[in-house]
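Quick look at final-v7.cif (mmCIF, C-alpha atoms):
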```
data_model
#
loop_
_atom_site.label_atom_id
_atom_site.label_comp_id
_atom_site.auth_asym_id
_atom_site.auth_seq_id
_atom_site.Cartn_x
_atom_site.Cartn_y
_atom_site.Cartn_z
CA MET A 1 70.14 108.69 81.69
CA ASN A 2 72.99 106.38 80.85
CA PHE A 3 76.29 106.26 82.57
CA ASN A 4 78.90 107.17 79.97
CA LEU A 5 81.84 109.32 78.93
CA THR A 6 80.02 112.45 80.07
CA PHE A 7 81.27 111.42 83.51
CA VAL A 8 84.89 111.61 82.36
CA GLY A 9 84.28 114.85 80.52
CA GLN A 10 82.79 116.38 83.64
CA ILE A 11 85.79 115.34 85.75
CA ILE A 12 88.15 117.00 83.25
CA ALA A 13 86.00 120.14 83.03
CA PHE A 14 85.82 120.37 86.81
CA ALA A 15 89.58 119.96 87.11
CA ILE A 16 90.21 122.72 84.58
CA PHE A 17 87.76 125.11 86.25
CA VAL A 18 89.25 124.45 89.68
CA TRP A 19 92.75 125.06 88.31
CA PHE A 20 91.62 128.27 86.62
CA CYS A 21 89.87 129.48 89.73
CA ALA A 22 92.83 128.70 91.99
CA LYS A 23 95.26 130.33 89.58
CA PHE A 24 93.54 133.41 88.25
CA VAL A 25 90.40 134.14 90.24
CA TRP A 26 90.94 133.42 93.90
CA PRO A 27 94.34 135.05 94.62
CA PRO A 28 93.52 138.57 93.33
CA LEU A 29 90.10 138.59 94.98
CA ILE A 30 91.19 137.39 98.39
CA GLY A 31 94.33 139.53 98.08
CA ALA A 32 92.24 142.64 97.50
CA ILE A 33 89.94 141.76 100.39
CA GLU A 34 92.78 141.12 102.79
CA GLU A 35 94.63 144.24 101.71
CA ARG A 36 91.52 146.31 102.29
CA GLN A 37 90.99 144.69 105.67
CA LYS A 38 94.54 145.61 106.58
CA LYS A 39 94.03 149.15 105.35
CA ILE A 40 90.90 149.53 107.41
CA ALA A 41 92.61 148.05 110.46
CA ASP A 42 95.51 150.47 109.99
CA GLY A 43 93.09 153.35 109.59
CA LEU A 44 91.27 152.43 112.77
CA ASP A 45 94.59 152.06 114.54
CA SER A 46 95.80 155.49 113.50
CA ALA A 47 92.45 156.99 114.42
CA ASP A 48 92.84 155.43 117.84
CA ARG A 49 96.35 156.78 118.08
CA ALA A 50 95.20 160.24 117.03
CA ALA A 51 92.46 160.18 119.64
CA LYS A 52 95.00 159.18 122.26
CA ASP A 53 97.37 161.94 121.11
CA LEU A 54 94.56 164.45 121.30
CA GLU A 55 93.72 163.34 124.80
CA LEU A 56 97.34 163.62 125.81
CA ALA A 57 97.60 167.10 124.27
CA GLN A 58 94.45 168.18 126.05
CA HIS A 59 95.81 166.82 129.28
CA ASN A 60 99.06 168.70 128.73
CA ALA A 61 97.23 171.88 127.90
CA THR A 62 95.14 171.61 131.03
CA LYS A 63 98.23 171.01 133.10
CA LYS A 64 100.03 174.01 131.58
CA MET A 65 96.99 176.17 132.16
CA GLN A 66 96.84 175.05 135.77
CA GLU A 67 100.52 175.87 136.18
CA ALA A 68 100.05 179.24 134.56
CA LYS A 69 97.17 179.98 136.89
CA VAL A 70 99.20 179.05 139.92
CA GLU A 71 102.07 181.17 138.71
CA ALA A 72 99.79 184.08 138.01
CA ALA A 73 98.30 183.76 141.44
CA ALA A 74 101.78 183.74 142.97
CA ILE A 75 102.79 186.80 141.02
CA LEU A 76 99.62 188.58 142.00
CA GLU A 77 100.15 187.74 145.63
CA GLN A 78 103.71 188.95 145.48
CA ALA A 79 102.60 192.16 143.86
CA ASN A 80 99.96 192.67 146.51
CA LYS A 81 102.48 192.08 149.22
CA ARG A 82 104.86 194.48 147.61
CA ALA A 83 102.19 197.12 147.27
CA ALA A 84 101.20 196.68 150.90
CA GLN A 85 104.80 197.02 151.91
CA ILE A 86 105.21 200.15 149.82
CA VAL A 87 102.14 201.62 151.45
CA ASP A 88 103.42 200.62 154.86
CA ASP A 89 106.80 202.13 154.14
CA ALA A 90 105.21 205.28 152.90
CA LYS A 91 103.04 205.47 155.97
CA LEU A 92 106.01 204.97 158.26
CA GLU A 93 108.02 207.59 156.43
CA ALA A 94 105.16 210.00 156.51
CA LYS A 95 104.74 209.40 160.19
CA GLN A 96 108.42 209.97 160.82
CA GLU A 97 108.41 213.04 158.65
CA GLY A 98 105.37 214.34 160.49
CA ALA A 99 107.02 213.65 163.81
CA ARG A 100 110.12 215.41 162.64
CA LEU A 101 108.16 218.41 161.47
CA VAL A 102 106.24 218.51 164.71
CA ALA A 103 109.47 218.28 166.65
CA ALA A 104 110.99 221.05 164.57
CA ALA A 105 107.97 223.23 165.07
CA GLN A 106 107.99 222.47 168.79
CA SER A 107 111.61 223.45 169.11
CA GLU A 108 110.90 226.64 167.17
CA VAL A 109 108.04 227.41 169.47
CA ASP A 110 110.24 226.67 172.52
CA LYS A 111 112.88 228.93 171.18
CA GLU A 112 110.32 231.66 170.61
CA ILE A 113 108.97 231.15 174.07
CA ASN A 114 112.43 231.31 175.57
CA MET A 115 113.23 234.42 173.62
CA ALA A 116 109.97 235.98 174.65
CA ARG A 117 110.57 234.95 178.24
CA GLU A 118 114.06 236.46 178.08
CA GLU A 119 112.73 239.64 176.65
CA LEU A 120 109.94 239.69 179.18
CA ARG A 121 112.43 239.18 181.96
CA GLN A 122 114.48 242.03 180.61
CA ARG A 123 111.50 244.25 180.41
CA VAL A 124 110.25 243.25 183.80
CA SER A 125 113.59 244.02 185.40
CA GLU A 126 113.64 247.37 183.67
CA LEU A 127 110.09 248.08 184.66
CA THR A 128 110.70 246.95 188.20
CA LEU A 129 113.74 249.13 188.36
CA ALA A 130 111.86 252.08 187.01
CA GLY A 131 109.02 251.39 189.39
CA ALA A 132 111.28 251.07 192.34
CA GLU A 133 113.02 254.32 191.37
CA LYS A 134 109.78 256.06 191.29
CA ILE A 135 108.68 254.58 194.55
CA LEU A 136 111.86 255.42 196.34
CA GLN A 137 112.26 258.71 194.58
CA THR A 138 115.81 258.09 194.66
CA GLU A 139 118.28 257.17 192.30
CA ILE A 140 119.23 253.69 192.53
CA ASP A 141 122.59 252.93 191.44
CA GLU A 142 122.08 250.59 188.71
CA LYS A 143 125.39 249.12 189.12
CA LYS A 144 124.94 248.69 192.80
CA HIS A 145 121.71 246.85 192.58
CA SER A 146 122.14 245.02 189.38
CA GLU A 147 122.90 241.92 191.31
CA LEU A 148 119.64 242.16 193.13
CA LEU A 149 117.78 242.88 189.96
CA ASP A 150 119.27 239.94 188.16
CA LYS A 151 118.13 237.74 191.01
CA LEU A 152 114.67 239.10 190.69
CA ALA A 153 114.59 238.67 186.98
CA ALA A 154 115.73 235.07 187.36
CA GLU A 155 112.83 234.41 189.66
CA LEU A 156 110.33 235.52 187.05
CA MET B 1 52.13 123.34 74.89
CA ALA B 2 54.63 120.97 73.43
CA ALA B 3 52.96 118.10 75.20
CA GLY B 4 50.34 118.14 72.50
CA GLN B 5 52.68 116.27 70.20
CA TYR B 6 52.85 113.31 72.52
CA GLU B 7 50.36 110.54 72.98
CA ASN B 8 50.28 110.94 76.72
CA ALA B 9 51.97 112.74 79.59
CA GLY B 10 54.20 109.74 80.29
CA GLU B 11 55.73 109.90 76.86
CA TYR B 12 56.17 113.65 77.19
CA ILE B 13 58.03 113.27 80.46
CA ASN B 14 60.13 110.39 79.19
CA HIS B 15 61.09 112.36 76.14
CA HIS B 16 62.22 115.27 78.29
CA LEU B 17 64.39 113.03 80.42
CA VAL B 18 66.54 111.85 77.52
CA ASN B 19 69.81 113.60 76.89
CA LEU B 20 71.11 114.57 73.51
CA THR B 21 73.60 111.74 73.13
CA TYR B 22 76.51 111.45 70.73
CA GLY B 23 78.25 108.11 70.83
CA ARG B 24 79.47 104.93 69.19
CA LEU B 25 76.56 102.93 67.87
CA PRO B 26 77.56 99.27 67.65
CA ALA B 27 76.76 97.27 64.53
CA GLY B 28 73.59 95.29 64.75
CA THR B 29 71.73 97.77 66.93
CA GLU B 30 68.08 98.08 66.10
CA LEU B 31 67.50 101.64 64.90
CA CYS B 32 64.64 103.81 66.08
CA TYR B 33 61.29 104.18 64.35
CA GLY B 34 61.67 100.78 62.65
CA SER B 35 64.37 101.86 60.21
CA GLY B 36 66.27 98.58 60.33
CA VAL B 37 69.54 97.80 62.05
CA ALA B 38 72.87 99.60 62.04
CA ASP B 39 75.19 97.82 59.60
CA THR B 40 78.46 99.32 60.88
CA THR B 41 79.78 100.49 64.20
CA HIS B 42 79.93 104.25 63.93
CA TRP B 43 79.78 107.49 65.96
CA THR B 44 76.49 109.29 65.66
CA PHE B 45 73.76 111.15 67.53
CA ALA B 46 71.31 108.79 69.17
CA GLY B 47 67.88 109.07 67.56
CA CYS B 48 66.04 107.84 70.59
CA ALA B 49 66.48 106.45 74.11
CA SER B 50 67.04 102.85 72.99
CA GLU B 51 69.86 103.85 70.64
CA ALA B 52 71.43 105.89 73.43
CA ALA B 53 71.19 102.90 75.72
CA ALA B 54 72.85 100.70 73.09
CA MET B 55 75.82 103.06 72.94
CA GLY B 56 76.69 102.16 76.51
CA PHE B 57 79.68 103.90 78.05
CA MET B 58 81.13 105.16 74.77
CA ALA B 59 78.86 108.15 74.47
CA PHE B 60 78.65 111.81 75.47
CA HIS B 61 75.65 113.70 76.68
CA VAL B 62 76.26 116.66 74.42
CA ASP B 63 73.64 118.85 76.09
CA SER B 64 74.89 118.19 79.65
CA LEU B 65 78.50 118.84 78.73
CA MET B 66 77.67 121.89 76.67
CA TRP B 67 75.56 123.50 79.35
CA ALA B 68 77.92 122.51 82.16
CA ILE B 69 81.06 123.73 80.41
CA GLY B 70 79.31 126.77 78.96
CA LEU B 71 78.03 127.84 82.36
CA GLY B 72 81.40 127.04 83.90
CA ILE B 73 83.12 129.29 81.38
CA PHE B 74 80.52 131.99 81.99
CA VAL B 75 81.04 131.81 85.76
CA MET B 76 84.82 131.75 85.43
CA PHE B 77 84.81 134.67 83.01
CA PHE B 78 82.56 136.64 85.33
CA LEU B 79 84.78 135.93 88.33
CA TYR B 80 87.94 136.52 86.32
CA ARG B 81 86.77 139.94 85.21
CA ALA B 82 86.00 140.85 88.80
CA ALA B 83 89.39 139.48 89.88
CA GLN B 84 91.22 141.55 87.25
CA ARG B 85 89.57 144.71 88.48
CA ALA B 86 89.90 143.88 92.15
CA SER B 87 91.65 146.57 94.12
CA ALA B 88 92.02 147.37 97.77
CA GLY B 89 90.29 150.70 97.27
CA VAL B 90 86.59 151.38 97.46
CA PRO B 91 84.95 148.42 95.68
CA GLY B 92 82.46 148.83 92.87
CA LYS B 93 79.12 147.07 92.76
CA LEU B 94 80.30 144.00 90.84
CA GLN B 95 83.40 143.72 92.96
CA GLY B 96 81.35 144.15 96.11
CA PHE B 97 79.04 141.34 95.07
CA ILE B 98 81.88 138.99 94.14
CA GLU B 99 83.77 139.84 97.30
CA MET B 100 80.69 139.10 99.35
CA LEU B 101 80.57 135.67 97.73
CA VAL B 102 84.29 135.14 98.22
CA GLU B 103 84.15 136.17 101.87
CA PHE B 104 81.10 134.01 102.46
CA ILE B 105 82.91 130.99 101.05
CA ASN B 106 86.17 131.85 102.78
CA ASN B 107 84.40 132.08 106.14
CA ASN B 108 82.64 128.77 105.59
CA VAL B 109 85.87 127.08 104.61
CA LYS B 110 87.65 128.58 107.63
CA GLU B 111 85.02 127.22 109.98
CA VAL B 112 85.40 123.69 108.68
CA PHE B 113 88.99 123.55 107.59
CA HIS B 114 91.67 124.37 110.10
CA GLY B 115 94.56 124.65 107.73
CA ARG B 116 95.73 126.94 104.99
CA THR B 117 92.44 127.86 103.33
CA ALA B 118 94.09 129.06 100.12
CA SER B 119 94.27 125.51 98.78
CA ILE B 120 90.66 124.57 99.46
CA ALA B 121 88.73 127.81 99.10
CA PRO B 122 89.11 128.14 95.29
CA ILE B 123 87.65 124.66 94.92
CA ALA B 124 84.76 125.66 97.14
CA LEU B 125 84.16 128.82 95.13
CA THR B 126 84.23 126.92 91.85
CA VAL B 127 81.86 124.28 93.16
CA PHE B 128 79.40 126.73 94.62
CA ALA B 129 79.24 129.14 91.70
CA TRP B 130 79.21 126.44 89.06
CA VAL B 131 76.67 124.12 90.70
CA PHE B 132 74.47 127.09 91.45
CA MET B 133 74.48 128.20 87.82
CA MET B 134 73.76 124.66 86.59
CA ASN B 135 70.93 124.33 89.10
CA LEU B 136 69.60 127.73 88.10
CA MET B 137 68.86 126.41 84.62
CA LYS B 138 66.07 124.43 86.20
CA LEU B 139 64.11 127.62 86.74
CA VAL B 140 64.01 128.17 82.98
CA PRO B 141 60.61 126.86 81.86
CA VAL B 142 61.05 123.26 80.72
CA ASP B 143 60.14 123.82 77.08
CA LEU B 144 61.54 127.31 76.54
CA ILE B 145 64.83 126.16 75.03
CA PRO B 146 64.23 122.49 74.09
CA TYR B 147 61.11 123.20 72.03
CA PRO B 148 62.64 125.72 69.59
CA LEU B 149 65.64 123.43 69.29
CA GLU B 150 63.32 120.53 68.54
CA LEU B 151 61.73 122.55 65.78
CA MET B 152 65.21 123.10 64.39
CA GLY B 153 65.84 119.35 64.38
CA VAL B 154 67.57 118.79 67.69
CA GLU B 155 65.50 116.00 69.15
CA TYR B 156 66.59 116.09 72.77
CA GLN B 157 67.86 118.81 75.05
CA LYS B 158 68.22 118.85 78.84
CA ILE B 159 69.45 122.25 79.93
CA ALA B 160 69.76 121.54 83.65
CA ALA B 161 73.08 119.72 83.73
CA THR B 162 72.82 118.69 87.37
CA THR B 163 69.82 116.49 86.56
CA ASP B 164 72.30 114.24 84.75
CA PRO B 165 73.96 111.77 87.15
CA ASN B 166 77.07 111.73 84.96
CA VAL B 167 77.63 115.39 85.77
CA THR B 168 77.06 115.20 89.51
CA LEU B 169 78.97 111.95 89.90
CA GLY B 170 81.75 113.34 87.73
CA MET B 171 82.12 116.28 90.10
CA ALA B 172 81.97 113.92 93.06
CA ALA B 173 84.63 111.74 91.43
CA PHE B 174 86.91 114.74 91.11
CA VAL B 175 86.33 115.44 94.79
CA LEU B 176 87.31 111.82 95.50
CA ILE B 177 90.46 112.23 93.42
CA MET B 178 91.36 115.35 95.39
CA VAL B 179 90.61 113.64 98.70
CA VAL B 180 92.89 110.74 97.85
CA THR B 181 95.63 113.04 96.50
CA LEU B 182 95.47 115.25 99.56
CA SER B 183 95.49 112.27 101.91
CA ILE B 184 98.58 110.84 100.28
CA LYS B 185 100.26 114.24 100.22
CA VAL B 186 99.58 114.91 103.88
CA LYS B 187 99.90 111.42 105.36
CA GLY B 188 102.06 109.56 102.83
CA TRP B 189 102.20 105.90 103.83
CA GLY B 190 100.10 106.78 106.82
CA PHE B 191 97.13 106.90 104.49
CA VAL B 192 97.59 103.27 103.46
CA LYS B 193 98.15 102.34 107.08
CA GLU B 194 94.99 104.14 108.00
CA LEU B 195 93.06 102.23 105.34
CA CYS B 196 94.43 98.89 106.56
CA LEU B 197 94.46 99.39 110.33
CA THR B 198 91.19 101.08 111.16
CA PRO B 199 88.82 100.30 112.76
CA PHE B 200 90.50 97.03 113.91
CA ASN B 201 94.10 97.68 114.83
CA THR B 202 95.62 94.28 113.89
CA TRP B 203 97.33 93.10 110.75
CA PHE B 204 95.17 89.93 110.78
CA LEU B 205 92.06 91.84 109.99
CA PHE B 206 93.49 94.12 107.35
CA PRO B 207 91.26 92.84 104.50
CA VAL B 208 88.19 93.62 106.60
CA ASN B 209 89.59 97.00 107.47
CA LEU B 210 90.48 97.76 103.88
CA PHE B 211 87.03 96.79 102.72
CA LEU B 212 85.30 98.91 105.36
CA GLU B 213 87.55 101.90 104.77
CA LEU B 214 87.22 101.74 101.01
CA VAL B 215 83.45 101.58 101.30
CA GLY B 216 83.61 104.58 103.61
CA LEU B 217 85.93 106.42 101.23
CA LEU B 218 83.73 105.76 98.22
CA ALA B 219 80.42 106.30 99.98
CA LYS B 220 81.24 109.95 100.59
CA PRO B 221 81.58 111.10 96.97
CA VAL B 222 78.85 108.74 95.76
CA SER B 223 76.40 110.16 98.27
CA LEU B 224 77.62 113.66 97.41
CA GLY B 225 76.90 113.16 93.71
CA LEU B 226 73.67 111.24 94.15
CA ARG B 227 72.26 113.75 96.63
CA LEU B 228 72.60 116.60 94.16
CA PHE B 229 71.37 114.47 91.28
CA GLY B 230 68.40 113.14 93.27
CA ASN B 231 67.25 116.54 94.40
CA MET B 232 67.60 118.11 90.99
CA PHE B 233 66.13 115.18 89.09
CA ALA B 234 63.11 114.94 91.38
CA GLY B 235 62.50 118.66 91.04
CA GLU B 236 62.83 118.42 87.28
CA VAL B 237 60.25 115.61 87.11
CA ILE B 238 57.81 117.70 89.11
CA PHE B 239 58.38 120.62 86.72
CA LEU B 240 57.66 118.25 83.80
CA LEU B 241 54.51 116.97 85.47
CA ILE B 242 53.30 120.52 85.95
CA ALA B 243 54.15 121.28 82.32
CA ALA B 244 52.16 118.20 81.26
CA LEU B 245 49.25 119.48 83.35
CA PHE B 246 49.09 122.60 81.18
CA ALA B 247 48.11 120.37 78.27
CA ALA B 248 45.44 118.49 80.21
CA GLY B 249 42.72 120.99 79.49
CA ILE B 250 41.65 124.58 79.96
CA PHE B 251 40.33 123.90 83.48
CA PHE B 252 43.72 122.84 84.70
CA LEU B 253 45.46 125.97 83.47
CA PRO B 254 45.08 128.07 86.65
CA LEU B 255 46.06 125.10 88.79
CA ALA B 256 49.09 124.37 86.64
CA ALA B 257 50.12 128.03 86.64
CA GLY B 258 49.78 128.23 90.42
CA LEU B 259 51.75 125.04 90.94
CA GLN B 260 54.42 126.22 88.53
CA VAL B 261 54.89 129.45 90.46
CA LEU B 262 54.89 127.72 93.86
CA TRP B 263 57.32 125.02 92.79
CA ALA B 264 59.62 127.55 91.11
CA ILE B 265 59.70 129.71 94.26
CA PHE B 266 60.39 126.66 96.37
CA HIS B 267 63.16 125.69 94.00
CA ILE B 268 64.90 129.02 94.36
CA LEU B 269 65.63 127.80 97.87
CA VAL B 270 66.48 124.26 96.78
CA ILE B 271 69.01 125.20 94.11
CA VAL B 272 70.94 127.51 96.43
CA LEU B 273 70.76 125.05 99.27
CA GLN B 274 71.96 122.13 97.16
CA ALA B 275 74.83 124.17 95.75
CA PHE B 276 75.76 125.18 99.30
CA ILE B 277 75.53 121.60 100.59
CA PHE B 278 77.67 120.33 97.75
CA MET B 279 80.28 122.99 98.51
CA ILE B 280 80.31 122.48 102.28
CA LEU B 281 80.53 118.69 101.97
CA THR B 282 83.37 119.02 99.48
CA VAL B 283 85.23 121.19 101.98
CA VAL B 284 84.39 118.81 104.84
CA TYR B 285 85.69 115.78 102.93
CA LEU B 286 88.88 117.62 101.96
CA ALA B 287 89.33 118.76 105.56
CA MET B 288 88.84 115.18 106.79
CA ALA B 289 91.44 113.99 104.32
CA GLN B 290 94.03 116.18 106.04
CA GLU B 291 93.21 115.25 109.60
CA ASP B 292 94.69 112.31 111.40
CA HIS B 293 92.26 109.98 113.02
#
```
Would you kindly transcribe this structure into structure tokens?
Amino acid sequence: MNFNLTFVGQIIAFAIFVWFCAKFVWPPLIGAIEERQKKIADGLDSADRAAKDLELAQHNATKKMQEAKVEAAAILEQANKRAAQIVDDAKLEAKQEGARLVAAAQSEVDKEINMAREELRQRVSELTLAGAEKILQTEIDEKKHSELLDKLAAEL
Amino acid sequence: MAAGQYENAGEYINHHLVNLTYGRLPAGTELCYGSGVADTTHWTFAGCASEAAAMGFMAFHVDSLMWAIGLGIFVMFFLYRAAQRASAGVPGKLQGFIEMLVEFINNNVKEVFHGRTASIAPIALTVFAWVFMMNLMKLVPVDLIPYPLELMGVEYQKIAATTDPNVTLGMAAFVLIMVVTLSIKVKGWGFVKELCLTPFNTWFLFPVNLFLELVGLLAKPVSLGLRLFGNMFAGEVIFLLIAALFAAGIFFLPLAAGLQVLWAIFHILVIVLQAFIFMILTVVYLAMAQEDH
């Protein structure tokens, strides 16, 4: 255990090892570590970004779906309205047509009635004339009394 | 065990605390085992502790340097291989382990040092990995490597380099060199001013200031080196005592085995902790060197 040149030798050895370590060992090791740390940080970052993008896309999709639903509802409503209107129109037309038909039929009936009434009047006047002839046993001048007969027929 | 060769446990322990020393043996030194005196000054392996002591400063602890540099090269090679294969993709098992270590050290440095960590962190990594490996050698049973080497003729061998104060103080001295370099680089003349003008801010008292500041400056690395050395050396002595206990008789075997296991488990904690403390304090001192008071 003497103090001697070993001391100097150790200083030199230490210096050489420190130089070697600083030159050839430390930089590649710490470089690799730091590069990997950066890679991992980047990876986490992009994962974060992707998650955010996904969220945004989902949000967009939901919004679009909502819009589509609203639009669909509007279209449906419009269609319903339109259908109701068509039905209403049809009903109205049918009603009008019915009324028209009824009116036509009515007028036909009136015409028939009038014709029948006319005929009846004719017949009545004839019958009345014949009856009166028989009752009076005389010939009634048709021309003479036609005025009277017409008046009678008009009263019927 | 090997202790059987020694007269007593004290000799056994002393023998195991001597480094394999290669140095300049001055002329006139009394040689070991009564083989006369050295007639010329020459470089040689010390035969025993007294010869090593006679060599003084002009000597190397061959075992400490070999183990320290060998383990350093092993650690650096290991890290270098991982660094060459490092990629930003999915890491393999080796890369994962090394990156864990690197991140651990980087985080610790970041907490202490609020500057560009790239200049300090490699030092911290080197210190931690290297000191840990040197400390780890303590968990190798005390005679596993020295005894076969002794049979092959290598008298002394201490494989735990951090139990040698030269090693720990050498590392601390390098830390001091870096602290001073960094201080000058960051503060320029401000560093000299800081040494001369704190704590008493007058030019009259600058010798007192300089003395106080220099003591403060030197105390940091000295305590850094001695702390590691003290912890490791004390642990090593306990390991040697336990090893000596194995030789004390058959009745002590279970006790010695139990103690060995307990102390080794405890030391798993100590070696990591001491490596960590050495690293953190190195970073703290370097961080302090950059901060203005």
Residues within 10 Å of Phe78 in chain B, only C-alpha atoms, excluding chain neighbours under 6 positions, as a list in words | Val25 of chain A; Gly72, Leu94 and Ile98 of chain B
Could those residues be written to a file, using C-alpha atoms, as a PDB file, in the coordinates of the input?
```pdb
ATOM      1  CA  VAL A  25      90.400 134.140  90.240  1.00  0.00           C
TER       2      VAL A  25
ATOM      3  CA  GLY B  72      81.400 127.040  83.900  1.00  0.00           C
ATOM      4  CA  LEU B  94      80.300 144.000  90.840  1.00  0.00           C
ATOM      5  CA  ILE B  98      81.880 138.990  94.140  1.00  0.00           C
TER       6      ILE B  98
END
```
Find the spatial neighbours of Gly188 in chain B, counting only C-alpha atoms, within a cut-off of 12 Å - ignore same-chain residues fewer than 6 positions away - and output them as a ChimeraX atom specification.
-> /B:180-182,194-195,289-290,292
Per-residue nearest contacts of chain A to chain B (9 Å; only C-alpha atoms) as a Markdown table:
```
| residue | atom | partner | partner_atom | distance |
| --- | --- | --- | --- | --- |
| A:Met1 | CA | B:Val18 | CA | 6.4 |
| A:Asn2 | CA | B:Ala53 | CA | 6.5 |
| A:Phe3 | CA | B:Asn166 | CA | 6.0 |
| A:Asn4 | CA | B:Phe57 | CA | 3.9 |
| A:Leu5 | CA | B:Phe60 | CA | 5.3 |
| A:Thr6 | CA | B:Phe60 | CA | 4.8 |
| A:Phe7 | CA | B:Asn166 | CA | 4.5 |
| A:Val8 | CA | B:Gly170 | CA | 6.5 |
| A:Gly9 | CA | B:Leu65 | CA | 7.2 |
| A:Gln10 | CA | B:Gly170 | CA | 5.2 |
| A:Ile11 | CA | B:Gly170 | CA | 4.9 |
| A:Ile12 | CA | B:Phe174 | CA | 8.3 |
| A:Ala13 | CA | B:Ile69 | CA | 6.6 |
| A:Phe14 | CA | B:Met171 | CA | 6.4 |
| A:Ala15 | CA | B:Phe174 | CA | 7.1 |
| A:Phe17 | CA | B:Thr126 | CA | 6.9 |
| A:Val18 | CA | B:Ile123 | CA | 5.5 |
| A:Trp19 | CA | B:Ile123 | CA | 8.4 |
| A:Phe20 | CA | B:Met76 | CA | 7.7 |
| A:Cys21 | CA | B:Pro122 | CA | 5.8 |
| A:Ala22 | CA | B:Pro122 | CA | 5.0 |
| A:Lys23 | CA | B:Pro122 | CA | 8.7 |
| A:Phe24 | CA | B:Tyr80 | CA | 6.7 |
| A:Val25 | CA | B:Tyr80 | CA | 5.2 |
| A:Trp26 | CA | B:Pro122 | CA | 5.8 |
| A:Pro27 | CA | B:Ala118 | CA | 8.1 |
| A:Pro28 | CA | B:Ala83 | CA | 5.5 |
| A:Leu29 | CA | B:Ala83 | CA | 5.2 |
| A:Ile30 | CA | B:Val102 | CA | 7.3 |
| A:Gly31 | CA | B:Ala88 | CA | 8.2 |
| A:Ala32 | CA | B:Ala88 | CA | 4.7 |
| A:Ile33 | CA | B:Ala88 | CA | 6.5 |
| A:Glu34 | CA | B:Ala88 | CA | 8.1 |
| A:Glu35 | CA | B:Ala88 | CA | 5.7 |
| A:Arg36 | CA | B:Ala88 | CA | 4.7 |
| A:Gln37 | CA | B:Ala88 | CA | 8.4 |
| A:Lys39 | CA | B:Ala88 | CA | 8.0 |
```
Taking the file as shown, what set of residues would the PyMOL selection byres ((chain A and resi 154) around 10) give back, as a list in words?
-> Glu118, Arg121, Gln122, Ser125, Leu148, Leu149, Asp150, Lys151, Leu152, Ala153, Glu155 and Leu156 of chain A
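The space between CA of Thr29 in chain B and CA of Thr41 in chain B spans 8.9 Å.
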Go ahead and compute the interatomic distance for CA of Ala287 in chain B and CA of Val272 in chain B, in Å to one decimal.
-> 22.3 Å
Complete range 96-107 of chain B at the level of N, CA and C atoms, written as a compact mmCIF listing (two decimals), keeping the file's coordinate frame.
```
# COMPACT_ATOMS: atom_id res chain seq x y z
N GLY B 96 81.97 144.35 94.80
CA GLY B 96 81.35 144.15 96.11
C GLY B 96 80.59 142.85 96.17
N PHE B 97 79.83 142.57 95.11
CA PHE B 97 79.04 141.34 95.07
C PHE B 97 79.95 140.11 95.09
N ILE B 98 80.98 140.15 94.23
CA ILE B 98 81.88 138.99 94.14
C ILE B 98 82.63 138.81 95.46
N GLU B 99 83.03 139.94 96.05
CA GLU B 99 83.77 139.84 97.30
C GLU B 99 82.90 139.30 98.43
N MET B 100 81.62 139.65 98.37
CA MET B 100 80.69 139.10 99.35
C MET B 100 80.68 137.58 99.24
N LEU B 101 80.58 137.11 98.00
CA LEU B 101 80.57 135.67 97.73
C LEU B 101 81.87 135.03 98.21
N VAL B 102 82.98 135.69 97.86
CA VAL B 102 84.29 135.14 98.22
C VAL B 102 84.45 135.08 99.74
N GLU B 103 84.03 136.15 100.40
CA GLU B 103 84.15 136.17 101.87
C GLU B 103 83.26 135.12 102.50
N PHE B 104 82.05 134.99 101.96
CA PHE B 104 81.10 134.01 102.46
C PHE B 104 81.72 132.61 102.39
N ILE B 105 82.32 132.31 101.23
CA ILE B 105 82.91 130.99 101.05
C ILE B 105 84.16 130.84 101.92
N ASN B 106 84.95 131.91 101.97
CA ASN B 106 86.17 131.85 102.78
C ASN B 106 85.84 131.60 104.26
N ASN B 107 84.80 132.27 104.74
CA ASN B 107 84.40 132.08 106.14
C ASN B 107 83.93 130.66 106.38
```
